[in-house]
Each structure stands twice: as structure tokens, then as C-alpha cells.
$ cat final09.cif   # mmCIF, C-alpha atoms (C1' of nucleotides)
data_run
#
loop_
_atom_site.label_atom_id
_atom_site.label_comp_id
_atom_site.auth_asym_id
_atom_site.auth_seq_id
_atom_site.Cartn_x
_atom_site.Cartn_y
_atom_site.Cartn_z
CA MET A 1 71.44 79.06 112.95
CA GLU A 2 73.88 76.23 112.46
CA ARG A 3 75.27 76.57 108.98
CA ARG A 4 75.31 73.65 106.51
CA ILE A 5 78.12 74.05 104.02
CA LEU A 6 79.33 71.67 101.33
CA LEU A 7 82.49 71.85 99.25
CA VAL A 8 82.12 70.15 95.89
CA ASP A 9 85.52 69.17 94.50
CA CYS A 10 85.91 67.56 91.08
CA ASP A 11 88.07 64.43 91.18
CA ALA A 12 91.26 64.92 89.10
CA PHE A 13 89.25 67.40 87.05
CA PHE A 14 91.67 67.95 84.16
CA VAL A 15 92.10 64.19 83.79
CA GLN A 16 88.35 63.68 83.66
CA VAL A 17 87.92 66.46 81.08
CA ALA A 18 90.73 65.11 78.91
CA ARG A 19 89.10 61.68 78.94
CA LEU A 20 85.63 62.99 78.14
CA GLU A 21 86.99 65.06 75.26
CA ASP A 22 89.12 62.27 73.82
CA PRO A 23 87.58 58.93 74.81
CA GLU A 24 89.63 56.94 72.28
CA GLY A 25 92.98 58.41 73.35
CA ALA A 26 93.17 59.81 76.86
CA GLY A 27 90.05 57.86 77.72
CA ARG A 28 91.89 54.59 77.23
CA ALA A 29 95.03 55.45 79.21
CA PRO A 30 94.80 54.49 82.89
CA LEU A 31 98.23 56.06 83.48
CA LEU A 32 97.40 59.58 82.33
CA ILE A 33 99.22 62.84 82.92
CA VAL A 34 97.70 66.15 81.86
CA GLY A 35 100.19 68.96 81.51
CA GLY A 36 103.14 70.36 79.61
CA SER A 37 105.09 68.39 77.06
CA ALA A 38 107.66 65.87 78.16
CA THR A 39 110.49 67.40 76.15
CA GLY A 40 109.76 71.04 76.84
CA ARG A 41 109.41 72.90 80.12
CA GLY A 42 106.08 71.55 81.21
CA VAL A 43 104.79 70.52 84.59
CA VAL A 44 102.02 68.16 85.62
CA THR A 45 98.68 69.91 85.96
CA SER A 46 96.80 66.81 86.99
CA ALA A 47 97.50 63.08 87.06
CA SER A 48 95.13 60.11 87.12
CA TYR A 49 94.85 58.29 90.43
CA GLU A 50 96.62 55.35 88.83
CA ALA A 51 99.59 57.58 87.96
CA ARG A 52 99.57 59.13 91.43
CA ALA A 53 100.25 55.67 92.81
CA PHE A 54 103.70 56.01 91.21
CA GLY A 55 104.34 59.24 93.10
CA VAL A 56 103.32 61.61 90.32
CA ARG A 57 102.02 64.91 91.72
CA SER A 58 100.76 68.13 90.19
CA ALA A 59 103.28 70.95 89.71
CA MET A 60 106.00 68.33 89.24
CA PRO A 61 108.09 68.74 86.05
CA THR A 62 106.69 66.37 83.45
CA ALA A 63 110.16 64.95 82.81
CA HIS A 64 110.41 63.95 86.44
CA ALA A 65 106.93 62.44 86.40
CA LEU A 66 107.85 60.29 83.43
CA ARG A 67 110.88 58.98 85.23
CA LEU A 68 108.59 57.84 88.05
CA CYS A 69 105.96 56.49 85.71
CA PRO A 70 107.55 55.73 82.32
CA ASP A 71 104.44 54.13 80.81
CA ALA A 72 102.22 57.16 81.39
CA THR A 73 100.52 58.93 78.51
CA VAL A 74 101.00 62.71 78.52
CA VAL A 75 98.35 64.95 76.98
CA GLY A 76 98.07 68.74 76.86
CA VAL A 77 95.65 70.75 78.95
CA PRO A 78 92.28 70.89 77.14
CA ARG A 79 91.95 74.61 77.88
CA GLY A 80 88.61 75.50 76.36
CA ALA A 81 86.94 72.27 77.44
CA VAL A 82 87.99 72.80 81.06
CA GLY A 83 86.13 76.11 81.20
CA ARG A 84 83.09 74.67 79.44
CA ARG A 85 82.81 71.62 81.71
CA SER A 86 83.38 73.78 84.76
CA ARG A 87 80.43 75.96 83.80
CA GLU A 88 78.33 72.83 83.28
CA VAL A 89 79.09 71.58 86.78
CA ARG A 90 78.30 74.99 88.19
CA ALA A 91 75.00 75.16 86.35
CA ALA A 92 74.04 71.73 87.67
CA LEU A 93 74.86 72.79 91.22
CA GLU A 94 72.85 75.98 90.89
CA ASP A 95 69.80 73.83 90.25
CA LEU A 96 70.50 71.81 93.40
CA ALA A 97 71.46 74.44 95.99
CA PRO A 98 70.35 77.99 96.79
CA VAL A 99 73.82 79.54 97.16
CA VAL A 100 76.78 78.50 94.97
CA GLN A 101 80.24 80.05 94.84
CA ALA A 102 82.96 78.94 92.45
CA ALA A 103 86.24 78.89 94.36
CA SER A 104 88.23 77.73 91.31
CA VAL A 105 87.53 75.85 88.08
CA ASP A 106 87.02 72.62 89.98
CA GLU A 107 85.76 73.67 93.43
CA PHE A 108 82.38 75.01 94.45
CA TYR A 109 81.03 75.97 97.84
CA LEU A 110 77.35 75.42 98.56
CA ASP A 111 75.47 76.96 101.47
CA LEU A 112 72.44 74.83 102.31
CA THR A 113 71.59 76.61 105.54
CA GLY A 114 67.81 76.74 105.93
CA THR A 115 67.08 73.93 103.48
CA GLU A 116 66.20 71.39 106.16
CA ARG A 117 62.47 71.67 105.56
CA LEU A 118 62.83 71.93 101.81
CA PHE A 119 64.82 68.68 101.83
CA ARG A 120 62.41 67.11 104.36
CA GLY A 121 64.92 66.54 107.10
CA GLU A 122 67.44 64.81 104.83
CA THR A 123 70.85 64.63 106.53
CA LEU A 124 73.64 66.74 105.07
CA GLU A 125 75.42 63.51 104.20
CA ALA A 126 72.44 62.17 102.27
CA THR A 127 72.09 65.51 100.50
CA ALA A 128 75.75 65.35 99.54
CA TRP A 129 75.37 61.88 98.03
CA ARG A 130 72.28 62.99 96.14
CA ILE A 131 74.16 65.99 94.72
CA ARG A 132 77.09 63.79 93.73
CA GLU A 133 74.84 61.45 91.75
CA ALA A 134 72.94 64.32 90.12
CA VAL A 135 76.12 66.07 88.96
CA LEU A 136 77.56 62.84 87.62
CA ARG A 137 74.36 62.02 85.72
CA ARG A 138 74.03 65.48 84.24
CA THR A 139 77.66 66.39 83.44
CA GLY A 140 79.56 63.11 83.44
CA ILE A 141 81.93 64.59 86.04
CA SER A 142 82.69 62.68 89.24
CA VAL A 143 82.94 64.89 92.33
CA SER A 144 83.68 64.45 96.01
CA LEU A 145 81.96 66.43 98.74
CA GLY A 146 83.02 67.62 102.16
CA GLY A 147 80.51 69.01 104.63
CA GLY A 148 80.46 70.95 107.86
CA THR A 149 79.34 74.05 109.70
CA ARG A 150 82.09 76.23 108.21
CA ARG A 151 83.87 76.62 104.93
CA VAL A 152 87.25 75.54 106.25
CA ILE A 153 85.74 72.40 107.80
CA ALA A 154 83.93 71.50 104.57
CA LYS A 155 87.14 72.05 102.64
CA LEU A 156 89.19 69.81 104.91
CA ALA A 157 86.46 67.18 105.00
CA ALA A 158 86.53 66.97 101.21
CA SER A 159 90.12 65.73 101.27
CA PHE A 160 88.87 62.75 103.30
CA ALA A 161 86.07 62.15 100.82
CA LYS A 162 88.27 61.78 97.74
CA PRO A 163 87.92 60.23 95.34
CA ALA A 164 84.25 59.87 94.50
CA GLY A 165 83.03 60.04 98.08
CA VAL A 166 81.42 62.13 100.80
CA HIS A 167 82.67 63.12 104.25
CA VAL A 168 80.59 65.23 106.63
CA VAL A 169 81.82 66.56 109.97
CA PRO A 170 78.83 66.74 112.34
CA PRO A 171 78.07 69.97 114.23
CA GLY A 172 80.06 69.91 117.45
CA GLY A 173 82.57 67.42 116.03
CA GLU A 174 84.85 70.06 114.54
CA GLN A 175 87.61 70.09 117.13
CA ALA A 176 87.86 66.30 117.33
CA PHE A 177 88.12 66.25 113.54
CA LEU A 178 90.87 68.89 113.47
CA ASN A 179 93.02 67.72 116.39
CA PRO A 180 95.05 64.96 114.69
CA LEU A 181 95.61 66.90 111.46
CA LYS A 182 99.02 68.17 110.50
CA LEU A 183 99.23 71.95 110.47
CA SER A 184 100.41 71.72 106.86
CA ALA A 185 96.98 70.33 105.98
CA LEU A 186 95.24 73.57 106.94
CA PRO A 187 94.39 75.80 103.98
CA GLY A 188 96.62 78.87 104.19
CA VAL A 189 99.51 77.06 105.89
CA GLY A 190 102.13 76.63 103.19
CA PRO A 191 105.74 75.48 103.09
CA SER A 192 107.12 78.72 104.49
CA LEU A 193 104.92 78.80 107.58
CA VAL A 194 105.35 75.06 108.10
CA GLU A 195 109.09 75.55 108.34
CA ARG A 196 108.69 78.26 110.97
CA LEU A 197 106.14 76.20 112.89
CA GLU A 198 108.45 73.22 112.98
CA LYS A 199 111.23 75.36 114.42
CA ARG A 200 108.89 75.94 117.36
CA GLY A 201 108.16 72.24 117.60
CA LEU A 202 104.63 72.55 116.23
CA ARG A 203 103.48 69.87 113.80
CA THR A 204 99.85 69.07 114.48
CA VAL A 205 96.74 71.06 115.30
CA GLU A 206 96.88 69.62 118.79
CA ASP A 207 100.42 70.97 119.24
CA ALA A 208 99.26 74.47 118.31
CA LEU A 209 96.21 74.32 120.57
CA GLY A 210 98.55 74.33 123.54
CA VAL A 211 100.09 77.69 122.60
CA GLN A 212 98.60 80.98 123.80
CA GLU A 213 97.54 83.49 121.20
CA GLU A 214 100.07 86.09 122.25
CA TRP A 215 102.92 83.66 121.70
CA LEU A 216 101.68 82.73 118.23
CA GLN A 217 101.53 86.46 117.50
CA ARG A 218 105.02 87.04 118.85
CA TRP A 219 106.41 84.21 116.73
CA PHE A 220 104.48 84.65 113.50
CA GLY A 221 103.27 88.24 113.55
CA GLN A 222 100.20 89.99 114.87
CA ARG A 223 97.76 89.07 112.14
CA ARG A 224 99.17 85.72 111.21
CA GLY A 225 99.34 84.61 114.82
CA ALA A 226 95.76 85.62 115.49
CA TRP A 227 94.68 83.93 112.29
CA LEU A 228 96.42 80.68 113.19
CA TYR A 229 94.97 80.75 116.71
CA ARG A 230 91.48 80.84 115.22
CA ARG A 231 92.18 78.43 112.40
CA VAL A 232 93.30 75.55 114.64
CA ARG A 233 90.03 76.01 116.52
CA GLY A 234 88.06 75.79 113.30
CA VAL A 235 86.85 79.37 113.59
CA ASP A 236 85.84 80.65 110.15
CA GLU A 237 83.22 83.32 109.68
CA SER A 238 83.65 83.61 105.91
CA ARG A 239 80.43 83.32 103.93
CA VAL A 240 79.63 81.52 100.74
CA ASP A 241 79.31 84.50 98.41
CA PRO A 242 77.73 83.83 95.02
CA HIS A 243 78.51 87.34 93.73
CA GLU A 244 82.28 87.39 94.06
CA ARG A 245 83.91 89.76 91.59
CA ARG A 246 87.04 89.24 89.59
CA LYS A 247 89.88 91.49 90.76
CA SER A 248 92.49 90.94 88.08
CA ILE A 249 93.06 89.37 84.68
CA SER A 250 96.44 88.15 83.52
CA SER A 251 98.22 86.02 80.98
CA GLU A 252 101.77 84.70 80.85
CA ARG A 253 103.84 82.37 78.67
CA THR A 254 106.99 80.40 79.21
CA PHE A 255 109.05 80.30 76.02
CA PHE A 256 110.20 77.11 74.43
CA GLU A 257 113.67 78.64 74.49
CA ASP A 258 114.91 81.70 76.40
CA ILE A 259 114.63 85.00 74.54
CA ASN A 260 117.12 87.85 74.85
CA ASP A 261 116.06 89.99 71.89
CA ASP A 262 114.19 93.12 73.00
CA ALA A 263 112.12 93.32 69.83
CA GLU A 264 111.07 89.69 70.12
CA LEU A 265 110.13 90.11 73.77
CA GLU A 266 108.07 93.12 72.80
CA ARG A 267 106.29 91.10 70.12
CA ARG A 268 105.45 88.38 72.66
CA LEU A 269 104.15 91.00 75.08
CA MET A 270 101.95 92.59 72.41
CA LYS A 271 100.50 89.20 71.60
CA LEU A 272 99.55 88.59 75.22
CA ALA A 273 98.21 92.12 75.65
CA THR A 274 95.96 91.86 72.64
CA SER A 275 94.61 88.54 73.87
CA LEU A 276 93.82 90.03 77.26
CA GLY A 277 92.02 93.11 75.92
CA PRO A 278 88.99 91.25 74.54
CA ILE A 279 88.52 89.39 77.83
CA LEU A 280 88.56 92.70 79.71
CA ARG A 281 86.07 94.34 77.34
CA ASP A 282 83.85 91.29 77.12
CA LYS A 283 83.30 91.49 80.87
CA GLY A 284 82.59 95.20 80.61
CA PHE A 285 85.64 96.19 82.62
CA ARG A 286 88.29 98.86 82.43
CA ALA A 287 91.61 98.60 84.23
CA ARG A 288 93.62 101.15 86.17
CA THR A 289 96.80 99.15 86.71
CA VAL A 290 98.96 97.31 84.18
CA THR A 291 101.66 94.89 85.35
CA VAL A 292 104.39 93.33 83.23
CA LYS A 293 106.32 90.35 84.52
CA LEU A 294 109.60 88.88 83.36
CA ARG A 295 111.17 85.65 84.52
CA ASP A 296 114.87 85.62 83.69
CA HIS A 297 116.79 82.54 82.58
CA ASP A 298 117.95 82.01 86.19
CA PHE A 299 114.31 82.02 87.38
CA THR A 300 114.60 85.46 88.92
CA THR A 301 111.11 86.89 88.61
CA ARG A 302 110.65 90.64 88.37
CA GLN A 303 107.61 92.76 87.74
CA HIS A 304 106.79 96.40 87.22
CA SER A 305 103.36 97.94 87.37
CA ARG A 306 101.86 101.30 86.59
CA THR A 307 98.56 102.80 87.63
CA VAL A 308 97.08 105.30 85.20
CA PRO A 309 94.81 108.16 86.29
CA GLU A 310 91.82 106.97 84.27
CA PRO A 311 90.86 103.34 83.66
CA ILE A 312 91.67 102.02 80.19
CA GLU A 313 90.21 99.30 78.00
CA SER A 314 91.69 99.63 74.49
CA ASN A 315 94.45 97.45 73.14
CA ALA A 316 96.34 100.61 72.19
CA ALA A 317 96.45 101.92 75.75
CA ILE A 318 97.25 98.54 77.30
CA VAL A 319 100.04 98.00 74.80
CA GLU A 320 101.45 101.47 75.33
CA VAL A 321 101.72 101.11 79.11
CA GLY A 322 102.95 97.52 78.81
CA ARG A 323 105.71 98.47 76.41
CA ALA A 324 107.02 101.19 78.73
CA LEU A 325 107.04 98.76 81.66
CA LEU A 326 108.92 96.16 79.63
CA ASP A 327 111.50 98.79 78.65
CA ASP A 328 112.06 99.57 82.35
CA LEU A 329 112.46 95.91 83.26
CA ARG A 330 114.90 95.30 80.43
CA ALA A 331 116.91 98.42 81.25
CA GLN A 332 117.28 97.14 84.81
CA ARG A 333 118.57 93.70 83.83
CA ARG A 334 119.10 92.67 80.22
CA VAL A 335 119.54 88.88 80.32
CA PRO A 336 117.75 86.08 78.49
CA ALA A 337 114.18 85.66 79.70
CA ARG A 338 112.22 82.41 80.02
CA LEU A 339 108.76 83.93 80.62
CA ILE A 340 106.82 87.09 79.96
CA GLY A 341 103.44 88.04 81.37
CA ILE A 342 101.00 90.92 81.55
CA GLY A 343 98.22 91.58 84.03
CA LEU A 344 95.38 94.06 84.46
CA SER A 345 94.03 95.01 87.87
CA GLY A 346 92.17 97.81 89.56
CA LEU A 347 89.17 96.73 87.53
CA VAL A 348 86.10 98.95 87.35
CA SER A 349 83.07 98.27 85.24
CA ALA A 350 82.83 100.65 82.31
CA GLY A 351 79.39 101.78 83.37
CA GLU A 352 80.54 102.42 86.90
CA ALA A 353 83.39 104.52 85.59
CA HIS A 354 80.95 106.73 83.66
CA GLN A 355 78.73 107.14 86.69
CA LEU A 356 81.67 108.38 88.68
CA GLY A 357 82.07 111.09 86.05
CA LEU A 358 85.55 110.02 85.24
CA PHE A 359 85.12 110.58 81.53
CA ASP A 360 83.82 114.11 81.34
CA GLU A 361 87.22 115.11 80.02
CA PRO A 362 89.07 113.29 77.26
CA VAL A 363 91.19 110.58 78.83
CA ALA A 364 94.89 111.00 78.52
CA GLY A 365 96.47 108.01 76.78
CA GLU A 366 93.27 106.48 75.48
CA SER A 367 91.15 108.17 72.84
CA ASP A 368 87.58 107.40 71.83
CA ARG A 369 89.04 106.12 68.61
CA ASP A 370 91.32 103.70 70.44
CA ARG A 371 88.28 102.25 72.16
CA ASP A 372 86.30 102.10 68.92
CA VAL A 373 89.10 100.30 67.12
CA SER A 374 89.30 97.70 69.88
CA ARG A 375 85.56 97.10 69.76
CA VAL A 376 85.70 96.60 65.99
CA VAL A 377 88.52 94.10 66.43
CA ASP A 378 86.47 92.24 69.03
CA ALA A 379 83.43 92.16 66.74
CA LEU A 380 85.49 90.84 63.82
CA ALA A 381 87.07 88.18 65.99
CA LYS A 382 83.65 87.12 67.18
CA ARG A 383 82.32 86.81 63.63
CA PHE A 384 85.28 85.28 61.86
CA GLY A 385 87.26 83.71 64.68
CA ASP A 386 90.33 84.97 66.43
CA ASP A 387 92.57 84.17 63.50
CA ALA A 388 90.75 86.70 61.36
CA VAL A 389 92.47 89.52 63.17
CA LEU A 390 96.16 89.33 63.88
CA PRO A 391 96.78 90.73 67.31
CA GLY A 392 99.11 93.68 67.66
CA ARG A 393 98.48 95.19 64.26
CA LEU A 394 95.20 96.97 64.67
CA VAL A 395 96.25 98.88 67.72
CA ARG A 396 97.84 101.87 66.07
CA GLY A 397 94.97 103.83 64.62
CA PRO A 398 92.92 104.21 61.45
CA GLU A 399 95.75 104.43 58.90
CA ALA A 400 97.14 101.08 59.93
CA THR A 401 93.64 99.67 60.06
CA GLY A 402 92.91 100.65 56.49
CA ARG A 403 96.20 99.49 55.09
CA ASP A 404 96.55 96.20 56.91
CA GLY A 405 92.92 95.29 57.04
CA SER A 406 92.49 93.82 53.57
CA GLY A 407 95.39 91.42 53.65
CA ARG A 408 94.63 90.13 57.06
CA THR A 409 91.04 89.02 57.13
CA ASP A 410 91.05 86.74 54.13
CA GLY A 411 93.03 83.98 55.84
"C1'" DT B 412 113.62 66.99 89.11
"C1'" DC B 413 114.54 71.96 87.23
"C1'" DT B 414 110.71 74.35 87.88
"C1'" DG B 415 102.97 76.19 84.17
"C1'" DG B 416 99.29 79.41 84.36
"C1'" DG B 417 95.43 81.36 86.56
"C1'" DG B 418 94.32 83.76 90.62
"C1'" DT B 419 93.91 86.10 95.96
"C1'" DC B 420 95.76 88.26 99.92
"C1'" DC B 421 99.35 90.39 102.91
"C1'" DT B 422 103.35 93.37 104.04
"C1'" DA B 423 106.33 97.17 103.97
"C1'" DG B 424 108.15 101.44 102.48
"C1'" DG B 425 107.61 105.87 100.23
"C1'" DA B 426 104.78 109.72 98.57
"C1'" DC B 427 101.43 112.79 99.63
"C1'" DC B 428 97.85 115.15 102.24
"C1'" DC B 429 95.77 116.99 106.34
"C1'" DT C 430 112.73 126.12 111.93
"C1'" DC C 431 111.51 121.90 113.41
"C1'" DT C 432 108.07 118.78 114.29
"C1'" DG C 433 103.78 114.53 115.23
"C1'" DG C 434 100.60 111.34 113.65
"C1'" DG C 435 97.08 109.30 110.78
"C1'" DG C 436 95.08 107.98 106.33
"C1'" DT C 437 95.34 106.68 101.59
"C1'" DC C 438 97.45 105.37 97.42
"C1'" DC C 439 101.02 103.14 94.85
"C1'" DT C 440 104.69 99.72 94.03
"C1'" DA C 441 107.45 95.46 94.71
"C1'" DG C 442 107.74 91.19 96.50
"C1'" DG C 443 106.23 87.03 98.62
"C1'" DA C 444 103.07 83.32 100.41
"C1'" DC C 445 99.53 80.58 99.15
"C1'" DC C 446 95.80 77.97 96.44
"C1'" DC C 447 94.17 74.98 92.49
#
$ encode --input "final09.cif" --output "C-alpha cells"
Amino acid sequence: MERRILLVDCDAFFVQVARLEDPEGAGRAPLLIVGGSATGRGVVTSASYEARAFGVRSAMPTAHALRLCPDATVVGVPRGAVGRRSREVRAALEDLAPVVQAASVDEFYLDLTGTERLFRGETLEATAWRIREAVLRRTGISVSLGGGTRRVIAKLAASFAKPAGVHVVPPGGEQAFLNPLKLSALPGVGPSLVERLEKRGLRTVEDALGVQEEWLQRWFGQRRGAWLYRRVRGVDESRVDPHERRKSISSERTFFEDINDDAELERRLMKLATSLGPILRDKGFRARTVTVKLRDHDFTTRQHSRTVPEPIESNAAIVEVGRALLDDLRAQRRVPARLIGIGLSGLVSAGEAHQLGLFDEPVAGESDRDRDVSRVVDALAKRFGDDAVLPGRLVRGPEATGRDGSGRTDG
DNA sequence: TCTGGGGTCCTAGGACCC
DNA sequence: TCTGGGGTCCTAGGACCC
């Protein structure tokens, strides 16, 4: 059956959220930039369409953006609100379509294949407009929709729909739609591949259509060549999967000023680690691999990772592995750092781990008590707020818990 | 201009096992 | 004593996306 896929893309999502959350401030600034501070090391996360007219783009240093658009108002990323509004949009879509997959905070794929009768022969374009209005009414968020027979076509179509519009590529019209596009417009073709393509004189989809698969493979590698050959023909078998599972969790921070002190770096790492732990446990996961990342003052980015035999979940275990990895990284190159990060991957659900019989023996590195302590910390944080429990202090065992506990929770 | 933070996927080499 | 080849896991790095 011909598939009917829509990509729902929120228009300048962070800008919209900032305005909804602060109607008197951000809501009244046509020239709005959401992102890092102007004086610090921030970049633009999202800019209003009015600001984009001045050349402001996301990922651009905020300082640069302000040079292009001096009258712009800069506000921070409304972190919590972004997640909340994203879930609202998703919930609205789940009431409108049978299969919904979140591709990011502000992008959702819908598979409407087989809904023709349910929607009484409504065209995909009419359905898309109806969904746009319903989402706007229910969540206050303006979205654009792209439609087609495949995910990649829907995705590309959405860029023609923005802002606040709809663009549907009819079945059979895929190749005509793709032909004039620049190769750099294709999802998965980034700056690096574009440079190599241009060396071969390839700029547009039509250029690439004239090249045999074996030549693409010779130039760009077996897999990449085959992938590109299919992509310029709009071939995309990937499904809209509503049950996609998270594969990693991570957190990183750029410092206001570079840090060269080992103890201070360790403190920053502990803080990140103890903020990650609750997220891991809340989702019922354990992790097998811990990764620590350092970005040096010269922007050299290095990371070390370690996979432990049994999956871990306690702050104590995460911190222990993370500290060892940081020591290695610092021993290798001890220069001022501008960023530190920690990540957890190799995620297994705690229940799954039990079923596999992985915990018949006591786990090296993580005791039952470690896990219990972490759960107590989570419960306290849930009841009294995160500030009730200072991260990095409760990770050492019952003595520390008893001693530090009283002074900490009365704040 | 001076470079955020959250992710996914791919590659390549080495270790280890059969 | 020297040797092949395949599979899997782990690690580091890089490309890419929003």
C-alpha cells in the first residue's frame, strides 16, 4: 500500500515556547534570540523569523548574532518548558493520528497509512491542514507539515512548508520534487560530504543521478555510496516507529571560564553525574558504559569510556567510574578545560537485567546499599525538590549519609 | 564570529574466541 | 612452529541532526 507520512515540525519552537512562557517580555520582542548569554560563550539555539531576516542562524555565537542584529532581545533557553510543551504537542498528535514518533523535541513523524476510509477520502494535504489547526488550538504551538510516501520526502517537503504551512508531495511526484534540490539539502549530507561531492562536480540531486552506483561507492565508500545512490532516488524504507528506545543519556557543561584545577573539574563532574543518575533510574534503566568528555581550552575534544561487566545505576558507581576516566584524561593532557561532560550508554532496563540473571552474584563495584542510597536520594528530591539534596555528598555510604543529612535538608 | 547541549549512527583497529 | 578467517565486543573519533 502507498504510505502516507507526515512530518510535523514546530516553527522556531524555542522562540514560540519563550514567548508563551513570558508574554510580557519575550512575547513583545519581534527580534528575539533564544540561546546563550551575549557576554559569555553562548550560541543561538533558535531565532525569530524577524531576526533570521538579519542573517541570524542557530548554532551561531550569540555575540556574532548581535552584531548582525543589534536590536535583538536575547533570552535563555526555557529548558523545562520546552520539554513540557513538546509533550503537549505529542499528546495532541496522538489523538489525531494512529502512529506517532518523536524525532526530536520539535519534530514528529505521523504514519497515516490506511486512514483513507477513516478520514472519508480526505486528501493528505487537507488532513495536514486540519492537524495544523488542531495542534495550534490545543497547544498554542504553530507547526508546519510536510507530506509524502516516505519519511525522507515528508521531511524535505516540510522545509518548503515553513513557516506555518503545508507542503505535500503527491505519490509518483517524488523524483520531480527531488531533482532540483541541492545535495546539501538531503538529510544526512553534511558539510564534510558536500565538500567531497563538490570535488567531483556534484551539486544537485540531478547531478548525482547521472553517476553509477559503483562510482559513488568508489568515491565515497561502499556503504555511503550505496546510501547516496538510493537517497537521490528518494528510496527510504524506514518506518515510523512509535516505540523507539533511548540508547544513551548524557549531560555536559561549558564553563564560564576555563578550569585547570583537577579538584574543581572533579567537583563539576560529580555534579553532572549526580544529575544524570536520577534520570537513568527514573526511566528504570541501568547502564553498562560510562563516558567522560573533556574539551580543552583550544577546543580539542577528548573522551574516554569504560564498559563495566554488570550494568550500574547508583550515583556511587557512576561517580567511581567517571572519576577514574577523568583521571586518565587529565593524565594524558593537563591543560585548562572549557567543557566537561558525562554520558551513560549500553542501557538495559533494570527488570530485563534481572531476567537475564545478571544479578545472582553480588555486583562488583555497586552494592545493594549503593542502589538503596540512590533511591532514597531520588525520593527526597522528589518530595522536597532537587535543592533538598546536594548532589555528590550522599554517594559515599551510610556514615556520610547520617552525618551530612541533617544539615543539608533544611535549606 | 570563536564556537551549546542533547542525541544517533558509522568506521576502524585491537582483543579475544573458535 | 606457523598459520587462516570469521564473529563479537570494546574504544576512540568523527559526521550528522535539531
$ closest_residue --input "final09.cif" --among "A:Ala81, A:Pro278, A:Asp262, A:Arg120" --to "Val105 in chain A" --atoms "only C-alpha atoms"
A:Ala81
$ closest_residue --input "final09.cif" --among "A:Arg203, A:Lys247, A:Arg137, A:Arg268" --to "chain B" --atoms "only C-alpha atoms (C1' of nucleotides)"
A:Lys247
$ residues_near_point --input "final09.cif" --point "(104.2, 97.0, 78.8)" --cutoff "10 Å" --atoms "only C-alpha atoms (C1' of nucleotides)" --output "VMD selection string"
chain A and resid 266 269 to 270 273 290 to 293 304 to 306 317 to 329 341 to 343
$ atom_distance --input "final09.cif" --atom1 "CA of Val335 in chain A" --atom2 "CA of Glu252 in chain A"
18.3 Å
$ resolve_selection --input "final09.cif" --expression "the PyMOL selection byres ((chain C) within 9 of (chain A))" --output "list of chain:residue names"
C:DC439, C:DT440, C:DA441, C:DG442, C:DA444, C:DC445, C:DC446, C:DC447
$ resolve_selection --input "final09.cif" --expression "the PyMOL selection byres ((chain B and resi 418) around 8)" --output "PyMOL selection string"
(chain A and resi 248) or (chain B and resi 417+419)
$ atom_distance --input "final09.cif" --atom1 "CA of Ser37 in chain A" --atom2 "CA of Gln16 in chain A"
18.6 Å
$ atom_distance --input "final09.cif" --atom1 "CA of Gly76 in chain A" --atom2 "CA of Phe299 in chain A"
23.5 Å
$ resolve_selection --input "final09.cif" --expression "the PyMOL selection byres ((chain B and resi 414) around 9)" --output "CSV table (one decimal) with C-alpha atoms (C1' of nucleotides), keeping the file's coordinate frame"
chain,number,residue,atom,x,y,z
A,41,ARG,CA,109.4,72.9,80.1
A,42,GLY,CA,106.1,71.6,81.2
A,43,VAL,CA,104.8,70.5,84.6
A,59,ALA,CA,103.3,71.0,89.7
A,60,MET,CA,106.0,68.3,89.2
A,61,PRO,CA,108.1,68.7,86.0
A,299,PHE,CA,114.3,82.0,87.4
B,412,DT,C1',113.6,67.0,89.1
B,413,DC,C1',114.5,72.0,87.2
B,415,DG,C1',103.0,76.2,84.2
$ axis_aligned_box --input "final09.cif" --around "range 312-324 of chain A" --padding-each-side "5 Å" --output "lines of an AutoDock Vina configuration file"
center_x = 98.6
center_y = 99.7
center_z = 76.2
size_x = 26.8
size_y = 14.6
size_z = 18.0
$ residues_around --input "final09.cif" --residues "range 231-241 of chain A" --least-positions-apart "6" --cutoff "8 Å" --atoms "all atoms listed in the file" --output "VMD selection string"
chain A and resid 99 to 101 109 to 111 150 to 153 174 to 175 178 186 205 208 to 209
